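K.L.:
Input file: target_38.cif. Contents: mmCIF, N, CA and C atoms.
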```cif
data_work
#
loop_
_atom_site.label_atom_id
_atom_site.label_comp_id
_atom_site.auth_asym_id
_atom_site.auth_seq_id
_atom_site.Cartn_x
_atom_site.Cartn_y
_atom_site.Cartn_z
N MET L 1 42.29 25.39 -19.25
CA MET L 1 42.16 24.02 -19.71
C MET L 1 41.90 23.08 -18.54
N LYS L 2 42.52 23.37 -17.42
CA LYS L 2 42.34 22.53 -16.24
C LYS L 2 40.88 22.58 -15.76
N ILE L 3 40.29 23.76 -15.80
CA ILE L 3 38.89 23.89 -15.38
C ILE L 3 37.97 23.16 -16.35
N PHE L 4 38.27 23.26 -17.65
CA PHE L 4 37.47 22.57 -18.65
C PHE L 4 37.50 21.06 -18.44
N LEU L 5 38.67 20.51 -18.20
CA LEU L 5 38.79 19.07 -17.98
C LEU L 5 38.07 18.64 -16.69
N ARG L 6 38.15 19.48 -15.66
CA ARG L 6 37.45 19.16 -14.42
C ARG L 6 35.94 19.12 -14.65
N HIS L 7 35.43 20.10 -15.39
CA HIS L 7 34.00 20.13 -15.67
C HIS L 7 33.59 18.97 -16.58
N LEU L 8 34.45 18.61 -17.52
CA LEU L 8 34.16 17.49 -18.41
C LEU L 8 34.06 16.18 -17.63
N VAL L 9 34.99 15.98 -16.71
CA VAL L 9 34.96 14.76 -15.88
C VAL L 9 33.71 14.76 -15.00
N LEU L 10 33.38 15.89 -14.42
CA LEU L 10 32.21 15.95 -13.54
C LEU L 10 30.91 15.79 -14.32
N CYS L 11 30.88 16.22 -15.57
CA CYS L 11 29.67 16.05 -16.39
C CYS L 11 29.48 14.60 -16.83
N THR L 12 30.57 13.85 -16.92
CA THR L 12 30.44 12.46 -17.35
C THR L 12 30.07 11.53 -16.19
N LEU L 13 30.19 11.98 -14.96
CA LEU L 13 29.87 11.11 -13.82
C LEU L 13 28.43 10.60 -13.84
N PRO L 14 27.41 11.44 -14.05
CA PRO L 14 26.05 10.90 -14.09
C PRO L 14 25.83 9.88 -15.20
N ILE L 15 26.47 10.11 -16.35
CA ILE L 15 26.34 9.17 -17.46
C ILE L 15 26.98 7.83 -17.10
N LEU L 16 28.15 7.89 -16.51
CA LEU L 16 28.84 6.66 -16.12
C LEU L 16 28.10 5.91 -15.02
N PHE L 17 27.57 6.65 -14.05
CA PHE L 17 26.83 6.00 -12.98
C PHE L 17 25.53 5.38 -13.51
N GLY L 18 24.85 6.06 -14.42
CA GLY L 18 23.64 5.51 -15.02
C GLY L 18 23.92 4.26 -15.83
N ALA L 19 24.99 4.30 -16.62
CA ALA L 19 25.35 3.12 -17.41
C ALA L 19 25.78 1.97 -16.50
N GLY L 20 26.51 2.30 -15.44
CA GLY L 20 26.93 1.25 -14.49
C GLY L 20 25.75 0.62 -13.78
N ALA L 21 24.77 1.44 -13.41
CA ALA L 21 23.58 0.90 -12.74
C ALA L 21 22.78 0.02 -13.69
N GLY L 22 22.68 0.43 -14.95
CA GLY L 22 21.98 -0.41 -15.94
C GLY L 22 22.69 -1.72 -16.17
N TYR L 23 24.02 -1.68 -16.24
CA TYR L 23 24.78 -2.91 -16.41
C TYR L 23 24.65 -3.81 -15.19
N TYR L 24 24.68 -3.22 -14.01
CA TYR L 24 24.53 -4.00 -12.79
C TYR L 24 23.16 -4.68 -12.75
N PHE L 25 22.12 -3.96 -13.19
CA PHE L 25 20.79 -4.55 -13.20
C PHE L 25 20.73 -5.75 -14.14
N THR L 26 21.37 -5.63 -15.30
CA THR L 26 21.32 -6.75 -16.24
C THR L 26 22.12 -7.95 -15.74
N THR L 27 23.13 -7.71 -14.91
CA THR L 27 23.90 -8.85 -14.40
C THR L 27 23.18 -9.56 -13.25
N ILE L 28 22.43 -8.80 -12.42
CA ILE L 28 21.75 -9.46 -11.31
C ILE L 28 20.39 -10.01 -11.71
N GLN L 29 19.83 -9.46 -12.79
CA GLN L 29 18.50 -9.88 -13.23
C GLN L 29 18.65 -10.93 -14.31
N GLY L 30 18.04 -12.06 -14.12
CA GLY L 30 18.07 -13.09 -15.14
C GLY L 30 17.10 -12.78 -16.27
N SER L 31 17.02 -13.65 -17.22
CA SER L 31 16.07 -13.44 -18.31
C SER L 31 14.66 -13.69 -17.80
N CYS L 32 13.68 -13.14 -18.48
CA CYS L 32 12.30 -13.29 -18.05
C CYS L 32 11.85 -14.74 -18.17
N GLY L 33 12.31 -15.42 -19.19
CA GLY L 33 11.94 -16.82 -19.35
C GLY L 33 12.45 -17.68 -18.21
N ALA L 34 13.64 -17.38 -17.72
CA ALA L 34 14.20 -18.15 -16.61
C ALA L 34 13.52 -17.81 -15.29
N MET L 35 13.03 -16.56 -15.17
CA MET L 35 12.42 -16.15 -13.89
C MET L 35 10.99 -16.66 -13.75
N VAL L 36 10.17 -16.46 -14.77
CA VAL L 36 8.75 -16.75 -14.62
C VAL L 36 8.26 -17.85 -15.55
N GLY L 37 9.10 -18.33 -16.42
CA GLY L 37 8.70 -19.38 -17.34
C GLY L 37 8.28 -18.80 -18.68
N ALA L 38 8.11 -19.68 -19.64
CA ALA L 38 7.82 -19.26 -21.00
C ALA L 38 6.43 -18.65 -21.14
N LEU L 39 5.49 -19.05 -20.27
CA LEU L 39 4.12 -18.58 -20.39
C LEU L 39 3.99 -17.09 -20.09
N PHE L 40 4.69 -16.60 -19.06
CA PHE L 40 4.56 -15.20 -18.65
C PHE L 40 5.73 -14.32 -19.07
N SER L 41 6.65 -14.84 -19.88
CA SER L 41 7.83 -14.06 -20.22
C SER L 41 7.49 -12.83 -21.06
N GLY L 42 6.43 -12.86 -21.83
CA GLY L 42 6.03 -11.70 -22.62
C GLY L 42 5.63 -10.52 -21.75
N LYS L 43 4.93 -10.78 -20.67
CA LYS L 43 4.52 -9.72 -19.76
C LYS L 43 5.69 -9.25 -18.90
N CYS L 44 6.62 -10.12 -18.66
CA CYS L 44 7.76 -9.79 -17.80
C CYS L 44 8.74 -8.85 -18.49
N ALA L 45 8.83 -8.92 -19.82
CA ALA L 45 9.83 -8.12 -20.53
C ALA L 45 9.58 -6.63 -20.37
N GLY L 46 8.33 -6.22 -20.43
CA GLY L 46 8.02 -4.80 -20.25
C GLY L 46 8.33 -4.33 -18.84
N ARG L 47 7.99 -5.15 -17.88
CA ARG L 47 8.27 -4.80 -16.48
C ARG L 47 9.77 -4.75 -16.23
N GLN L 48 10.51 -5.65 -16.85
CA GLN L 48 11.95 -5.67 -16.67
C GLN L 48 12.58 -4.40 -17.25
N ARG L 49 12.09 -3.93 -18.39
CA ARG L 49 12.58 -2.67 -18.96
C ARG L 49 12.27 -1.49 -18.05
N GLN L 50 11.10 -1.51 -17.42
CA GLN L 50 10.75 -0.43 -16.49
C GLN L 50 11.71 -0.42 -15.30
N TYR L 51 12.00 -1.58 -14.75
CA TYR L 51 12.92 -1.65 -13.62
C TYR L 51 14.33 -1.22 -14.02
N GLN L 52 14.76 -1.60 -15.23
CA GLN L 52 16.09 -1.21 -15.68
C GLN L 52 16.15 0.31 -15.85
N THR L 53 15.08 0.90 -16.34
CA THR L 53 15.03 2.36 -16.47
C THR L 53 15.12 3.03 -15.11
N LYS L 54 14.44 2.47 -14.12
CA LYS L 54 14.50 3.02 -12.77
C LYS L 54 15.91 2.89 -12.18
N PHE L 55 16.57 1.77 -12.43
CA PHE L 55 17.95 1.60 -11.96
C PHE L 55 18.86 2.63 -12.61
N GLN L 56 18.70 2.84 -13.92
CA GLN L 56 19.55 3.81 -14.61
C GLN L 56 19.27 5.23 -14.11
N LEU L 57 18.01 5.54 -13.87
CA LEU L 57 17.67 6.87 -13.36
C LEU L 57 18.25 7.08 -11.96
N ALA L 58 18.17 6.06 -11.13
CA ALA L 58 18.74 6.17 -9.78
C ALA L 58 20.26 6.30 -9.85
N GLY L 59 20.89 5.57 -10.75
CA GLY L 59 22.34 5.69 -10.92
C GLY L 59 22.75 7.06 -11.40
N ALA L 60 21.99 7.61 -12.35
CA ALA L 60 22.29 8.95 -12.84
C ALA L 60 22.06 9.99 -11.75
N ALA L 61 21.03 9.80 -10.94
CA ALA L 61 20.78 10.74 -9.83
C ALA L 61 21.92 10.68 -8.81
N ALA L 62 22.38 9.48 -8.51
CA ALA L 62 23.52 9.35 -7.59
C ALA L 62 24.77 9.99 -8.18
N GLY L 63 24.99 9.80 -9.46
CA GLY L 63 26.13 10.42 -10.12
C GLY L 63 26.04 11.94 -10.11
N THR L 64 24.83 12.47 -10.27
CA THR L 64 24.63 13.91 -10.23
C THR L 64 24.93 14.46 -8.83
N LEU L 65 24.45 13.76 -7.81
CA LEU L 65 24.73 14.20 -6.44
C LEU L 65 26.23 14.16 -6.12
N ILE L 66 26.89 13.12 -6.56
CA ILE L 66 28.32 13.01 -6.31
C ILE L 66 29.08 14.10 -7.08
N ALA L 67 28.68 14.34 -8.34
CA ALA L 67 29.35 15.38 -9.12
C ALA L 67 29.12 16.76 -8.51
N ALA L 68 27.92 17.03 -8.04
CA ALA L 68 27.64 18.32 -7.42
C ALA L 68 28.43 18.49 -6.12
N THR L 69 28.52 17.41 -5.36
CA THR L 69 29.28 17.46 -4.11
C THR L 69 30.76 17.70 -4.39
N LEU L 70 31.30 16.98 -5.38
CA LEU L 70 32.71 17.16 -5.72
C LEU L 70 32.98 18.56 -6.26
N GLU L 71 32.08 19.08 -7.06
CA GLU L 71 32.27 20.43 -7.61
C GLU L 71 32.20 21.47 -6.50
N THR L 72 31.29 21.30 -5.57
CA THR L 72 31.19 22.23 -4.45
C THR L 72 32.45 22.16 -3.59
N TRP L 73 32.92 20.95 -3.35
CA TRP L 73 34.10 20.78 -2.52
C TRP L 73 35.35 21.30 -3.22
N ALA L 74 35.49 21.02 -4.51
CA ALA L 74 36.68 21.43 -5.24
C ALA L 74 36.61 22.90 -5.65
N GLY L 75 35.42 23.44 -5.79
CA GLY L 75 35.27 24.81 -6.24
C GLY L 75 35.45 25.84 -5.14
N THR L 76 35.38 25.43 -3.89
CA THR L 76 35.55 26.39 -2.81
C THR L 76 37.02 26.66 -2.59
N SER L 77 37.32 27.89 -2.41
CA SER L 77 38.70 28.28 -2.13
C SER L 77 38.67 29.31 -1.02
N PRO L 78 39.76 29.48 -0.32
CA PRO L 78 39.77 30.47 0.75
C PRO L 78 39.57 31.87 0.16
N PRO L 79 38.98 32.76 0.91
CA PRO L 79 38.75 34.10 0.38
C PRO L 79 40.07 34.80 0.06
N ALA L 80 40.02 35.60 -0.98
CA ALA L 80 41.23 36.31 -1.40
C ALA L 80 41.58 37.38 -0.37
N ARG L 81 42.86 37.59 -0.18
CA ARG L 81 43.32 38.60 0.77
C ARG L 81 43.24 39.97 0.10
N ARG L 82 42.73 40.91 0.81
CA ARG L 82 42.65 42.26 0.27
C ARG L 82 43.94 43.01 0.60
N THR L 83 44.39 43.71 -0.36
CA THR L 83 45.57 44.56 -0.14
C THR L 83 45.13 46.01 -0.21
N ARG L 84 46.02 46.88 0.04
CA ARG L 84 45.68 48.30 0.05
C ARG L 84 45.31 48.82 -1.34
N ASP L 85 45.83 48.15 -2.37
CA ASP L 85 45.58 48.63 -3.73
C ASP L 85 44.18 48.28 -4.24
N THR L 86 43.52 47.32 -3.64
CA THR L 86 42.21 46.89 -4.14
C THR L 86 41.09 47.52 -3.35
N PHE L 87 40.54 48.57 -3.88
CA PHE L 87 39.38 49.21 -3.25
C PHE L 87 38.30 49.37 -4.24
#
```
So, in terms of structure tokens, how does the structure I just supplied come out?
P.N.:
Amino acid sequence: MKIFLRHLVLCTLPILFGAGAGYYFTTIQGSCGAMVGALFSGKCAGRQRQYQTKFQLAGAAAGTLIAATLETWAGTSPPARRTRDTF
């Protein structure tokens, strides 16, 4: 059960990082109408969605790297000692 929970937490890291990056993008990015005015806001909306997708992808990639690093670090254990009975 402990291993299952560890894997579950590590699998949710990319999702959480992607969602966090998307939320961060929406907080730092204003609305298209406020940025470029009402005339160009229609063209800005598509570009803004593309940038938000890139932020989410980068966040998920960072979460994947962190999860892989944590799993590698936590999954390594010292080699088992051999006894005379194990041949």
K.L.:
With only C-alpha atoms as the counted atoms, please give the residues lying no more than 10 Å from Ser31 (chain L), apart from itself and same-chain residues fewer than 3 positions off, as a list in words.
P.N.:
Thr26, Thr27, Ile28, Ala34, Met35, Val36, Gly37, Ser41, Cys44, Ala45 and Gln48 of chain L
K.L.:
For this structure, which residues satisfy the selection - the PyMOL selection byres ((chain L and resi 63-69) around 8) - when it is evaluated on the file as given? I want them as a PDB file with N, CA and C atoms, in the coordinates of the input.
P.N.:
```pdb
ATOM      1  N   VAL L   9      34.990  15.980 -16.710  1.00  0.00           N
ATOM      2  CA  VAL L   9      34.960  14.760 -15.880  1.00  0.00           C
ATOM      3  C   VAL L   9      33.710  14.760 -15.000  1.00  0.00           C
ATOM      4  N   LEU L  10      33.380  15.890 -14.420  1.00  0.00           N
ATOM      5  CA  LEU L  10      32.210  15.950 -13.540  1.00  0.00           C
ATOM      6  C   LEU L  10      30.910  15.790 -14.320  1.00  0.00           C
ATOM      7  N   CYS L  11      30.880  16.220 -15.570  1.00  0.00           N
ATOM      8  CA  CYS L  11      29.670  16.050 -16.390  1.00  0.00           C
ATOM      9  C   CYS L  11      29.480  14.600 -16.830  1.00  0.00           C
ATOM     10  N   THR L  12      30.570  13.850 -16.920  1.00  0.00           N
ATOM     11  CA  THR L  12      30.440  12.460 -17.350  1.00  0.00           C
ATOM     12  C   THR L  12      30.070  11.530 -16.190  1.00  0.00           C
ATOM     13  N   LEU L  13      30.190  11.980 -14.960  1.00  0.00           N
ATOM     14  CA  LEU L  13      29.870  11.110 -13.820  1.00  0.00           C
ATOM     15  C   LEU L  13      28.430  10.600 -13.840  1.00  0.00           C
ATOM     16  N   PRO L  14      27.410  11.440 -14.050  1.00  0.00           N
ATOM     17  CA  PRO L  14      26.050  10.900 -14.090  1.00  0.00           C
ATOM     18  C   PRO L  14      25.830   9.880 -15.200  1.00  0.00           C
ATOM     19  N   ILE L  15      26.470  10.110 -16.350  1.00  0.00           N
ATOM     20  CA  ILE L  15      26.340   9.170 -17.460  1.00  0.00           C
ATOM     21  C   ILE L  15      26.980   7.830 -17.100  1.00  0.00           C
ATOM     22  N   LEU L  16      28.150   7.890 -16.510  1.00  0.00           N
ATOM     23  CA  LEU L  16      28.840   6.660 -16.120  1.00  0.00           C
ATOM     24  C   LEU L  16      28.100   5.910 -15.020  1.00  0.00           C
ATOM     25  N   PHE L  17      27.570   6.650 -14.050  1.00  0.00           N
ATOM     26  CA  PHE L  17      26.830   6.000 -12.980  1.00  0.00           C
ATOM     27  C   PHE L  17      25.530   5.380 -13.510  1.00  0.00           C
ATOM     28  N   GLY L  18      24.850   6.060 -14.420  1.00  0.00           N
ATOM     29  CA  GLY L  18      23.640   5.510 -15.020  1.00  0.00           C
ATOM     30  C   GLY L  18      23.920   4.260 -15.830  1.00  0.00           C
ATOM     31  N   LEU L  57      18.010   5.540 -13.870  1.00  0.00           N
ATOM     32  CA  LEU L  57      17.670   6.870 -13.360  1.00  0.00           C
ATOM     33  C   LEU L  57      18.250   7.080 -11.960  1.00  0.00           C
ATOM     34  N   ALA L  58      18.170   6.060 -11.130  1.00  0.00           N
ATOM     35  CA  ALA L  58      18.740   6.170  -9.780  1.00  0.00           C
ATOM     36  C   ALA L  58      20.260   6.300  -9.850  1.00  0.00           C
ATOM     37  N   GLY L  59      20.890   5.570 -10.750  1.00  0.00           N
ATOM     38  CA  GLY L  59      22.340   5.690 -10.920  1.00  0.00           C
ATOM     39  C   GLY L  59      22.750   7.060 -11.400  1.00  0.00           C
ATOM     40  N   ALA L  60      21.990   7.610 -12.350  1.00  0.00           N
ATOM     41  CA  ALA L  60      22.290   8.950 -12.840  1.00  0.00           C
ATOM     42  C   ALA L  60      22.060   9.990 -11.750  1.00  0.00           C
ATOM     43  N   ALA L  61      21.030   9.800 -10.940  1.00  0.00           N
ATOM     44  CA  ALA L  61      20.780  10.740  -9.830  1.00  0.00           C
ATOM     45  C   ALA L  61      21.920  10.680  -8.810  1.00  0.00           C
ATOM     46  N   ALA L  62      22.380   9.480  -8.510  1.00  0.00           N
ATOM     47  CA  ALA L  62      23.520   9.350  -7.590  1.00  0.00           C
ATOM     48  C   ALA L  62      24.770   9.990  -8.180  1.00  0.00           C
ATOM     49  N   LEU L  70      31.300  16.980  -5.380  1.00  0.00           N
ATOM     50  CA  LEU L  70      32.710  17.160  -5.720  1.00  0.00           C
ATOM     51  C   LEU L  70      32.980  18.560  -6.260  1.00  0.00           C
ATOM     52  N   GLU L  71      32.080  19.080  -7.060  1.00  0.00           N
ATOM     53  CA  GLU L  71      32.270  20.430  -7.610  1.00  0.00           C
ATOM     54  C   GLU L  71      32.200  21.470  -6.500  1.00  0.00           C
ATOM     55  N   THR L  72      31.290  21.300  -5.570  1.00  0.00           N
ATOM     56  CA  THR L  72      31.190  22.230  -4.450  1.00  0.00           C
ATOM     57  C   THR L  72      32.450  22.160  -3.590  1.00  0.00           C
ATOM     58  N   TRP L  73      32.920  20.950  -3.350  1.00  0.00           N
ATOM     59  CA  TRP L  73      34.100  20.780  -2.520  1.00  0.00           C
ATOM     60  C   TRP L  73      35.350  21.300  -3.220  1.00  0.00           C
ATOM     61  N   ALA L  74      35.490  21.020  -4.510  1.00  0.00           N
ATOM     62  CA  ALA L  74      36.680  21.430  -5.240  1.00  0.00           C
ATOM     63  C   ALA L  74      36.610  22.900  -5.650  1.00  0.00           C
ATOM     64  N   GLY L  75      35.420  23.440  -5.790  1.00  0.00           N
ATOM     65  CA  GLY L  75      35.270  24.810  -6.240  1.00  0.00           C
ATOM     66  C   GLY L  75      35.450  25.840  -5.140  1.00  0.00           C
TER      67      GLY L  75
END
```
K.L.:
Quick check for you: according to DSSP on this backbone, which residues of region 2-85 of chain L are classed as helix (DSSP H, G or I)? Reply as a PyMOL selection string.
P.N.:
chain L and resi 2-28+32-36+41-75
K.L.:
Rounded to one decimal in Å, what is the spacing between CA of Gln56 (chain L) and CA of Cys32 (chain L)?
P.N.:
18.9 Å
K.L.:
Please report the interatomic distance between CA of Tyr23 (chain L) and CA of Gly46 (chain L) in Å with one decimal.
P.N.:
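Taking CA of Tyr23 (chain L) as the start and CA of Gly46 (chain L) as the end point, the length is 17.3 Å.
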K.L.:
Quick one: residues within 8 Å of Phe25 (chain L), only N, CA and C atoms counted, chain neighbours fewer than 4 positions away excluded, as a ChimeraX atom specification?
P.N.:
/L:19-21,29-30,51-52,55-56
K.L.:
Just the number, please: distance in Å from atom N of Thr53 (chain L) to atom N of Ala38 (chain L), one decimal.
P.N.:
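Atom N of Ala38 (chain L) lies 22.0 Å from atom N of Thr53 (chain L).
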